[in-house]
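A.B. asks: This is the content of entry-v8.cif (mmCIF, N, CA and C atoms):
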```cif
data_start
loop_
_atom_site.label_atom_id
_atom_site.label_comp_id
_atom_site.auth_asym_id
_atom_site.auth_seq_id
_atom_site.Cartn_x
_atom_site.Cartn_y
_atom_site.Cartn_z
N MET A 276 32.07 -25.78 22.34
CA MET A 276 32.11 -25.23 20.99
C MET A 276 32.09 -23.70 21.09
N PRO A 277 33.05 -23.03 20.48
CA PRO A 277 33.06 -21.57 20.53
C PRO A 277 31.92 -20.99 19.69
N TYR A 278 31.40 -19.88 20.14
CA TYR A 278 30.32 -19.22 19.42
C TYR A 278 30.85 -18.48 18.21
N SER A 279 30.07 -18.48 17.13
CA SER A 279 30.39 -17.67 15.96
C SER A 279 29.94 -16.24 16.27
N GLU A 280 30.32 -15.34 15.39
CA GLU A 280 29.89 -13.94 15.57
C GLU A 280 28.37 -13.85 15.60
N ASP A 281 27.70 -14.57 14.68
CA ASP A 281 26.23 -14.58 14.66
C ASP A 281 25.67 -15.05 15.99
N ASN A 282 26.23 -16.12 16.52
CA ASN A 282 25.72 -16.67 17.77
C ASN A 282 25.84 -15.67 18.92
N ILE A 283 26.90 -14.90 18.92
CA ILE A 283 27.07 -13.88 19.96
C ILE A 283 26.00 -12.81 19.81
N TRP A 284 25.74 -12.40 18.56
CA TRP A 284 24.69 -11.40 18.32
C TRP A 284 23.32 -11.95 18.71
N VAL A 285 23.12 -13.24 18.50
CA VAL A 285 21.84 -13.87 18.87
C VAL A 285 21.62 -13.81 20.38
N VAL A 286 22.68 -13.99 21.16
CA VAL A 286 22.56 -13.89 22.62
C VAL A 286 22.00 -12.51 22.98
N TYR A 287 22.54 -11.47 22.36
CA TYR A 287 22.05 -10.11 22.61
C TYR A 287 20.65 -9.90 22.05
N LEU A 288 20.39 -10.46 20.88
CA LEU A 288 19.07 -10.37 20.27
C LEU A 288 18.01 -10.94 21.20
N LYS A 289 18.30 -12.08 21.78
CA LYS A 289 17.34 -12.73 22.68
C LYS A 289 16.99 -11.85 23.88
N GLN A 290 17.90 -10.95 24.23
CA GLN A 290 17.67 -10.03 25.34
C GLN A 290 16.92 -8.78 24.90
N GLY A 291 16.59 -8.73 23.60
CA GLY A 291 15.84 -7.59 23.07
C GLY A 291 16.72 -6.45 22.60
N ASN A 292 17.98 -6.70 22.40
CA ASN A 292 18.92 -5.68 21.97
C ASN A 292 18.66 -5.33 20.50
N THR A 293 18.23 -4.10 20.26
CA THR A 293 17.88 -3.69 18.90
C THR A 293 19.11 -3.52 18.01
N LYS A 294 20.25 -3.20 18.60
CA LYS A 294 21.49 -3.10 17.80
C LYS A 294 21.88 -4.47 17.25
N ALA A 295 21.72 -5.51 18.05
CA ALA A 295 22.01 -6.87 17.59
C ALA A 295 21.04 -7.26 16.47
N PHE A 296 19.78 -6.89 16.64
CA PHE A 296 18.77 -7.16 15.62
C PHE A 296 19.13 -6.46 14.31
N GLU A 297 19.51 -5.20 14.42
CA GLU A 297 19.89 -4.42 13.24
C GLU A 297 21.11 -5.03 12.56
N ARG A 298 22.07 -5.43 13.35
CA ARG A 298 23.30 -6.02 12.81
C ARG A 298 22.97 -7.30 12.01
N LEU A 299 22.14 -8.17 12.60
CA LEU A 299 21.77 -9.41 11.92
C LEU A 299 20.91 -9.13 10.69
N PHE A 300 20.01 -8.17 10.81
CA PHE A 300 19.16 -7.78 9.68
C PHE A 300 20.03 -7.34 8.50
N LEU A 301 20.99 -6.45 8.78
CA LEU A 301 21.84 -5.94 7.71
C LEU A 301 22.69 -7.05 7.09
N LYS A 302 23.10 -8.01 7.89
CA LYS A 302 23.91 -9.10 7.37
C LYS A 302 23.10 -10.02 6.44
N TYR A 303 21.84 -10.27 6.78
CA TYR A 303 21.04 -11.27 6.05
C TYR A 303 20.05 -10.69 5.05
N GLN A 304 19.83 -9.40 5.09
CA GLN A 304 18.83 -8.78 4.23
C GLN A 304 19.04 -9.10 2.75
N LYS A 305 20.20 -8.83 2.22
CA LYS A 305 20.46 -9.06 0.79
C LYS A 305 20.48 -10.55 0.45
N LYS A 306 21.03 -11.35 1.34
CA LYS A 306 21.09 -12.79 1.09
C LYS A 306 19.67 -13.36 1.01
N LEU A 307 18.81 -12.93 1.92
CA LEU A 307 17.42 -13.40 1.91
C LEU A 307 16.70 -12.93 0.64
N TYR A 308 16.93 -11.68 0.28
CA TYR A 308 16.29 -11.15 -0.92
C TYR A 308 16.66 -11.97 -2.15
N HIS A 309 17.94 -12.20 -2.33
CA HIS A 309 18.40 -12.95 -3.51
C HIS A 309 17.90 -14.40 -3.48
N PHE A 310 17.88 -14.99 -2.31
CA PHE A 310 17.35 -16.35 -2.16
C PHE A 310 15.88 -16.39 -2.58
N GLY A 311 15.09 -15.43 -2.08
CA GLY A 311 13.67 -15.37 -2.41
C GLY A 311 13.42 -15.04 -3.87
N TYR A 312 14.18 -14.09 -4.40
CA TYR A 312 13.98 -13.68 -5.79
C TYR A 312 14.32 -14.81 -6.76
N LYS A 313 15.35 -15.55 -6.43
CA LYS A 313 15.77 -16.67 -7.29
C LYS A 313 14.63 -17.68 -7.48
N ILE A 314 13.85 -17.88 -6.45
CA ILE A 314 12.77 -18.86 -6.50
C ILE A 314 11.44 -18.23 -6.91
N LEU A 315 11.12 -17.07 -6.33
CA LEU A 315 9.81 -16.46 -6.54
C LEU A 315 9.72 -15.64 -7.83
N LYS A 316 10.86 -15.19 -8.34
CA LYS A 316 10.93 -14.40 -9.59
C LYS A 316 10.11 -13.12 -9.51
N SER A 317 10.03 -12.54 -8.33
CA SER A 317 9.27 -11.31 -8.14
C SER A 317 9.97 -10.45 -7.10
N LYS A 318 10.27 -9.21 -7.48
CA LYS A 318 10.92 -8.28 -6.54
C LYS A 318 10.03 -8.04 -5.33
N GLU A 319 8.76 -7.80 -5.58
CA GLU A 319 7.84 -7.50 -4.49
C GLU A 319 7.72 -8.67 -3.51
N GLU A 320 7.58 -9.87 -4.05
CA GLU A 320 7.48 -11.04 -3.16
C GLU A 320 8.77 -11.30 -2.42
N ALA A 321 9.92 -11.06 -3.06
CA ALA A 321 11.21 -11.23 -2.39
C ALA A 321 11.36 -10.20 -1.27
N GLU A 322 10.95 -8.97 -1.53
CA GLU A 322 11.01 -7.93 -0.49
C GLU A 322 10.08 -8.28 0.68
N ASN A 323 8.89 -8.75 0.36
CA ASN A 323 7.95 -9.16 1.41
C ASN A 323 8.50 -10.33 2.21
N LEU A 324 9.16 -11.25 1.53
CA LEU A 324 9.78 -12.39 2.20
C LEU A 324 10.80 -11.90 3.24
N VAL A 325 11.66 -11.00 2.83
CA VAL A 325 12.67 -10.46 3.75
C VAL A 325 11.99 -9.86 4.97
N GLN A 326 10.98 -9.05 4.75
CA GLN A 326 10.30 -8.39 5.87
C GLN A 326 9.64 -9.39 6.81
N THR A 327 8.97 -10.40 6.26
CA THR A 327 8.29 -11.35 7.13
C THR A 327 9.27 -12.25 7.88
N VAL A 328 10.36 -12.63 7.23
CA VAL A 328 11.36 -13.45 7.92
C VAL A 328 11.98 -12.65 9.05
N ILE A 329 12.38 -11.43 8.78
CA ILE A 329 13.01 -10.59 9.80
C ILE A 329 12.04 -10.33 10.94
N MET A 330 10.78 -10.09 10.61
CA MET A 330 9.78 -9.85 11.66
C MET A 330 9.59 -11.10 12.52
N ASP A 331 9.55 -12.26 11.87
CA ASP A 331 9.43 -13.51 12.64
C ASP A 331 10.62 -13.70 13.58
N ILE A 332 11.80 -13.34 13.11
CA ILE A 332 12.98 -13.47 13.96
C ILE A 332 12.84 -12.58 15.19
N TRP A 333 12.39 -11.35 15.00
CA TRP A 333 12.22 -10.46 16.14
C TRP A 333 11.15 -10.98 17.10
N VAL A 334 10.02 -11.36 16.55
CA VAL A 334 8.90 -11.81 17.39
C VAL A 334 9.28 -13.08 18.17
N ASN A 335 10.02 -13.97 17.55
CA ASN A 335 10.36 -15.25 18.18
C ASN A 335 11.80 -15.29 18.70
N ARG A 336 12.39 -14.15 18.90
CA ARG A 336 13.81 -14.07 19.27
C ARG A 336 14.16 -14.85 20.53
N GLU A 337 13.26 -14.91 21.47
CA GLU A 337 13.56 -15.60 22.74
C GLU A 337 13.66 -17.12 22.57
N GLN A 338 13.09 -17.66 21.49
CA GLN A 338 13.13 -19.10 21.26
C GLN A 338 14.31 -19.54 20.39
N ILE A 339 15.09 -18.60 19.88
CA ILE A 339 16.22 -18.95 19.01
C ILE A 339 17.29 -19.63 19.86
N ASN A 340 17.81 -20.73 19.35
CA ASN A 340 18.88 -21.45 20.03
C ASN A 340 20.22 -20.87 19.58
N GLU A 341 20.87 -20.15 20.49
CA GLU A 341 22.12 -19.49 20.15
C GLU A 341 23.28 -20.46 19.93
N GLU A 342 23.06 -21.72 20.22
CA GLU A 342 24.10 -22.72 20.01
C GLU A 342 24.05 -23.33 18.60
N LYS A 343 22.98 -23.08 17.89
CA LYS A 343 22.83 -23.61 16.54
C LYS A 343 23.11 -22.51 15.51
N SER A 344 23.24 -22.93 14.26
CA SER A 344 23.53 -22.00 13.18
C SER A 344 22.38 -21.01 12.98
N PHE A 345 22.68 -19.74 13.15
CA PHE A 345 21.66 -18.72 12.92
C PHE A 345 21.31 -18.65 11.45
N SER A 346 22.30 -18.79 10.58
CA SER A 346 22.07 -18.78 9.15
C SER A 346 21.11 -19.90 8.75
N GLY A 347 21.32 -21.07 9.28
CA GLY A 347 20.42 -22.19 9.02
C GLY A 347 19.00 -21.90 9.47
N TYR A 348 18.89 -21.27 10.64
CA TYR A 348 17.58 -20.89 11.19
C TYR A 348 16.88 -19.89 10.26
N VAL A 349 17.62 -18.87 9.83
CA VAL A 349 17.06 -17.83 8.97
C VAL A 349 16.56 -18.42 7.65
N PHE A 350 17.38 -19.25 7.03
CA PHE A 350 17.00 -19.78 5.72
C PHE A 350 15.96 -20.89 5.81
N LYS A 351 15.85 -21.53 6.95
CA LYS A 351 14.76 -22.49 7.13
C LYS A 351 13.43 -21.75 7.20
N ILE A 352 13.40 -20.63 7.91
CA ILE A 352 12.20 -19.80 7.95
C ILE A 352 11.85 -19.35 6.53
N ALA A 353 12.86 -18.85 5.81
CA ALA A 353 12.63 -18.36 4.44
C ALA A 353 12.10 -19.48 3.54
N LYS A 354 12.70 -20.66 3.64
CA LYS A 354 12.27 -21.79 2.81
C LYS A 354 10.82 -22.15 3.11
N ASN A 355 10.45 -22.17 4.38
CA ASN A 355 9.06 -22.49 4.76
C ASN A 355 8.10 -21.43 4.23
N LYS A 356 8.48 -20.18 4.32
CA LYS A 356 7.61 -19.11 3.83
C LYS A 356 7.47 -19.18 2.30
N ILE A 357 8.57 -19.47 1.61
CA ILE A 357 8.51 -19.63 0.15
C ILE A 357 7.61 -20.80 -0.22
N SER A 358 7.71 -21.89 0.51
CA SER A 358 6.84 -23.06 0.25
C SER A 358 5.38 -22.67 0.41
N ASN A 359 5.07 -21.88 1.43
CA ASN A 359 3.70 -21.44 1.64
C ASN A 359 3.22 -20.54 0.50
N ILE A 360 4.09 -19.65 0.06
CA ILE A 360 3.74 -18.75 -1.05
C ILE A 360 3.47 -19.56 -2.31
N LEU A 361 4.36 -20.50 -2.62
CA LEU A 361 4.19 -21.32 -3.83
C LEU A 361 2.95 -22.20 -3.73
N ARG A 362 2.71 -22.76 -2.56
CA ARG A 362 1.52 -23.58 -2.36
C ARG A 362 0.25 -22.75 -2.59
N LYS A 363 0.25 -21.53 -2.08
CA LYS A 363 -0.90 -20.65 -2.27
C LYS A 363 -1.11 -20.33 -3.75
N LYS A 364 -0.01 -20.06 -4.47
CA LYS A 364 -0.10 -19.77 -5.91
C LYS A 364 -0.67 -20.97 -6.66
N ILE A 365 -0.19 -22.15 -6.32
CA ILE A 365 -0.67 -23.37 -6.98
C ILE A 365 -2.16 -23.56 -6.71
N ASN A 366 -2.57 -23.38 -5.46
CA ASN A 366 -3.98 -23.54 -5.12
C ASN A 366 -4.84 -22.51 -5.85
N GLU A 367 -4.35 -21.28 -5.95
CA GLU A 367 -5.10 -20.25 -6.68
C GLU A 367 -5.22 -20.62 -8.16
N LYS A 368 -4.15 -21.13 -8.74
CA LYS A 368 -4.18 -21.52 -10.15
C LYS A 368 -5.15 -22.67 -10.36
N ILE A 369 -5.10 -23.66 -9.49
CA ILE A 369 -6.03 -24.80 -9.60
C ILE A 369 -7.47 -24.30 -9.51
N TYR A 370 -7.72 -23.41 -8.57
CA TYR A 370 -9.06 -22.87 -8.38
C TYR A 370 -9.51 -22.10 -9.62
N LEU A 371 -8.63 -21.23 -10.12
CA LEU A 371 -8.99 -20.44 -11.31
C LEU A 371 -9.19 -21.34 -12.53
N ASP A 372 -8.36 -22.36 -12.67
CA ASP A 372 -8.54 -23.32 -13.76
C ASP A 372 -9.89 -24.03 -13.64
N TYR A 373 -10.25 -24.39 -12.43
CA TYR A 373 -11.53 -25.06 -12.19
C TYR A 373 -12.69 -24.13 -12.57
N ILE A 374 -12.60 -22.89 -12.13
CA ILE A 374 -13.65 -21.91 -12.43
C ILE A 374 -13.74 -21.70 -13.94
N THR A 375 -12.60 -21.53 -14.59
CA THR A 375 -12.57 -21.31 -16.03
C THR A 375 -13.17 -22.50 -16.78
N GLU A 376 -12.81 -23.70 -16.36
CA GLU A 376 -13.33 -24.91 -17.01
C GLU A 376 -14.85 -24.98 -16.90
N HIS A 377 -15.37 -24.70 -15.73
CA HIS A 377 -16.81 -24.79 -15.55
C HIS A 377 -17.54 -23.62 -16.21
N ASP A 378 -16.90 -22.47 -16.25
CA ASP A 378 -17.50 -21.33 -16.92
C ASP A 378 -17.58 -21.59 -18.42
N SER A 379 -16.56 -22.25 -18.98
CA SER A 379 -16.57 -22.52 -20.42
C SER A 379 -17.60 -23.59 -20.79
N ASN A 380 -18.07 -24.33 -19.80
CA ASN A 380 -19.13 -25.32 -20.04
C ASN A 380 -20.50 -24.69 -19.84
N ASN A 381 -20.56 -23.35 -19.88
CA ASN A 381 -21.80 -22.58 -19.75
C ASN A 381 -22.46 -22.73 -18.39
N GLU A 382 -21.72 -23.11 -17.40
CA GLU A 382 -22.28 -23.11 -16.05
C GLU A 382 -22.16 -21.70 -15.50
N GLU A 383 -23.15 -21.29 -14.77
CA GLU A 383 -23.14 -19.95 -14.19
C GLU A 383 -22.36 -19.98 -12.88
N LEU A 384 -21.03 -20.01 -13.01
CA LEU A 384 -20.18 -20.08 -11.84
C LEU A 384 -19.12 -19.00 -11.95
N LYS A 385 -19.31 -17.93 -11.28
CA LYS A 385 -18.38 -16.81 -11.28
C LYS A 385 -17.82 -16.66 -9.85
N THR A 386 -16.56 -16.24 -9.75
CA THR A 386 -15.92 -16.16 -8.44
C THR A 386 -16.64 -15.19 -7.51
N ASP A 387 -17.12 -14.10 -8.02
CA ASP A 387 -17.78 -13.14 -7.14
C ASP A 387 -19.21 -13.55 -6.79
N GLU A 388 -19.72 -14.61 -7.42
CA GLU A 388 -21.07 -15.07 -7.15
C GLU A 388 -21.10 -16.34 -6.29
N LEU A 389 -19.94 -16.86 -5.95
CA LEU A 389 -19.90 -18.09 -5.17
C LEU A 389 -20.37 -17.84 -3.75
N ASN A 390 -21.27 -18.72 -3.29
CA ASN A 390 -21.61 -18.66 -1.87
C ASN A 390 -20.71 -19.64 -1.13
N SER A 391 -20.78 -19.65 0.17
CA SER A 391 -19.86 -20.48 0.96
C SER A 391 -20.05 -21.97 0.69
N ASP A 392 -21.29 -22.42 0.43
CA ASP A 392 -21.52 -23.83 0.13
C ASP A 392 -20.84 -24.22 -1.18
N GLN A 393 -20.94 -23.37 -2.19
CA GLN A 393 -20.30 -23.65 -3.47
C GLN A 393 -18.77 -23.67 -3.32
N SER A 394 -18.25 -22.72 -2.58
CA SER A 394 -16.81 -22.67 -2.35
C SER A 394 -16.32 -23.91 -1.64
N GLU A 395 -17.07 -24.35 -0.64
CA GLU A 395 -16.70 -25.55 0.11
C GLU A 395 -16.76 -26.78 -0.79
N GLU A 396 -17.77 -26.85 -1.64
CA GLU A 396 -17.89 -27.98 -2.57
C GLU A 396 -16.71 -28.03 -3.55
N ILE A 397 -16.35 -26.90 -4.09
CA ILE A 397 -15.21 -26.83 -5.01
C ILE A 397 -13.94 -27.23 -4.29
N PHE A 398 -13.76 -26.69 -3.09
CA PHE A 398 -12.57 -27.02 -2.31
C PHE A 398 -12.48 -28.53 -2.06
N GLU A 399 -13.59 -29.14 -1.69
CA GLU A 399 -13.62 -30.59 -1.43
C GLU A 399 -13.28 -31.37 -2.70
N LYS A 400 -13.81 -30.96 -3.84
CA LYS A 400 -13.51 -31.63 -5.10
C LYS A 400 -12.03 -31.52 -5.44
N LEU A 401 -11.46 -30.34 -5.20
CA LEU A 401 -10.04 -30.16 -5.49
C LEU A 401 -9.17 -30.97 -4.58
N ILE A 402 -9.54 -31.06 -3.33
CA ILE A 402 -8.75 -31.83 -2.35
C ILE A 402 -8.82 -33.31 -2.68
N ASN A 403 -9.99 -33.77 -3.05
CA ASN A 403 -10.20 -35.20 -3.26
C ASN A 403 -9.83 -35.69 -4.67
N SER A 404 -9.47 -34.78 -5.56
CA SER A 404 -9.14 -35.20 -6.92
C SER A 404 -7.67 -35.53 -7.07
#
```
Show this structure as C-alpha cells.
C.D. replies:
Amino acid sequence: MPYSEDNIWVVYLKQGNTKAFERLFLKYQKKLYHFGYKILKSKEEAENLVQTVIMDIWVNREQINEEKSFSGYVFKIAKNKISNILRKKINEKIYLDYITEHDSNNEELKTDELNSDQSEEIFEKLINS
C-alpha cells in the first residue's frame, strides 16, 4: 500500500523531525478546532483541545503507526479528549446539583466546607445512584 502524504510526514515525525511536526500541526490545527468547537461550544475549550491533542501527538510520536490513517489517529485522540471533558462537566453538574439540593434542605453542606469523608460519601452516593 503506498503511503499518503501524511504517512510520509509521520515517518519523519517519529524520528523527531520538528518540520514534519509543524507541517502536520498546520494541516490539522483548524480542523481540530472546528471539530472541538462544534461539540464543546467554547472557543477556549476548543483551543485547549487543539493544544492537548497536538502535544499528545508529539509526546507519543514514536508509537504512531505510519501505516494507518493519521487523520483517524488525530481525531480519535480528539474524540477521547472531548468525551473526558464532557464527562467531567456532567460530573461537576451532578455534584453541584447534589450540593444545591442538600443546601436547600437546610443542611449545612457547602463545597468549601466539605472534608474528605463527606466528599467520598457524596461520590459514593452519586456512583451508586
A.B. asks: Just how far from atom CA of Arg298 of chain A is atom CA of Tyr348 of chain A, in Å to one decimal?
C.D. replies: 16.0 Å
A.B. asks: For segment 321-338 of chain A, work out the shell of residues within 6.5 Å, counting only N, CA and C atoms and skipping chain neighbours fewer than 4 positions away, then give it as a PyMOL selection string.
C.D. replies: chain A and resi 288-289+304+307-308+311-312+315+317+352-353
A.B. asks: Atom CA of Ile314 of chain A to atom CA of Ile357 of chain A: how many Å, to one decimal?
C.D. replies: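 Separation between atom CA of Ile314 of chain A and atom CA of Ile357 of chain A: 7.9 Å.
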A.B. asks: So, counting only C-alpha atoms, which residue among A:Lys318, A:Arg362, A:Lys306, A:Lys368 is closest to Val349 of chain A?
C.D. replies: A:Lys306
A.B. asks: Rank nothing, just name the residue among A:Glu320, A:Phe300, A:Asn282, A:Lys294 nearest to Lys356 of chain A, using only C-alpha atoms.
C.D. replies: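 So, comparing all the options, the nearest one is A:Glu320.
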A.B. asks: Enumerate, as a compact mmCIF listing (two decimals) with N, CA and C atoms, in the coordinates of the input, the residues matched when the PyMOL selection byres ((chain A and resi 285) around 8) is run on the file above.
C.D. replies:
```
# COMPACT_ATOMS: atom_id res chain seq x y z
N SER A 279 30.07 -18.48 17.13
CA SER A 279 30.39 -17.67 15.96
C SER A 279 29.94 -16.24 16.27
N GLU A 280 30.32 -15.34 15.39
CA GLU A 280 29.89 -13.94 15.57
C GLU A 280 28.37 -13.85 15.60
N ASP A 281 27.70 -14.57 14.68
CA ASP A 281 26.23 -14.58 14.66
C ASP A 281 25.67 -15.05 15.99
N ASN A 282 26.23 -16.12 16.52
CA ASN A 282 25.72 -16.67 17.77
C ASN A 282 25.84 -15.67 18.92
N ILE A 283 26.90 -14.90 18.92
CA ILE A 283 27.07 -13.88 19.96
C ILE A 283 26.00 -12.81 19.81
N TRP A 284 25.74 -12.40 18.56
CA TRP A 284 24.69 -11.40 18.32
C TRP A 284 23.32 -11.95 18.71
N VAL A 286 22.68 -13.99 21.16
CA VAL A 286 22.56 -13.89 22.62
C VAL A 286 22.00 -12.51 22.98
N TYR A 287 22.54 -11.47 22.36
CA TYR A 287 22.05 -10.11 22.61
C TYR A 287 20.65 -9.90 22.05
N LEU A 288 20.39 -10.46 20.88
CA LEU A 288 19.07 -10.37 20.27
C LEU A 288 18.01 -10.94 21.20
N LYS A 289 18.30 -12.08 21.78
CA LYS A 289 17.34 -12.73 22.68
C LYS A 289 16.99 -11.85 23.88
N GLN A 290 17.90 -10.95 24.23
CA GLN A 290 17.67 -10.03 25.34
C GLN A 290 16.92 -8.78 24.90
N GLY A 291 16.59 -8.73 23.60
CA GLY A 291 15.84 -7.59 23.07
C GLY A 291 16.72 -6.45 22.60
N ALA A 295 21.72 -5.51 18.05
CA ALA A 295 22.01 -6.87 17.59
C ALA A 295 21.04 -7.26 16.47
N PHE A 296 19.78 -6.89 16.64
CA PHE A 296 18.77 -7.16 15.62
C PHE A 296 19.13 -6.46 14.31
N LEU A 299 22.14 -8.17 12.60
CA LEU A 299 21.77 -9.41 11.92
C LEU A 299 20.91 -9.13 10.69
N ARG A 336 12.39 -14.15 18.90
CA ARG A 336 13.81 -14.07 19.27
C ARG A 336 14.16 -14.85 20.53
N ILE A 339 15.09 -18.60 19.88
CA ILE A 339 16.22 -18.95 19.01
C ILE A 339 17.29 -19.63 19.86
N ASN A 340 17.81 -20.73 19.35
CA ASN A 340 18.88 -21.45 20.03
C ASN A 340 20.22 -20.87 19.58
N GLU A 341 20.87 -20.15 20.49
CA GLU A 341 22.12 -19.49 20.15
C GLU A 341 23.28 -20.46 19.93
N PHE A 345 22.68 -19.74 13.15
CA PHE A 345 21.66 -18.72 12.92
C PHE A 345 21.31 -18.65 11.45
```
A.B. asks: Go ahead and compute the interatomic distance for atom CA of Asn359 of chain A and atom CA of Thr293 of chain A, in Å to one decimal.
C.D. replies: 28.5 Å
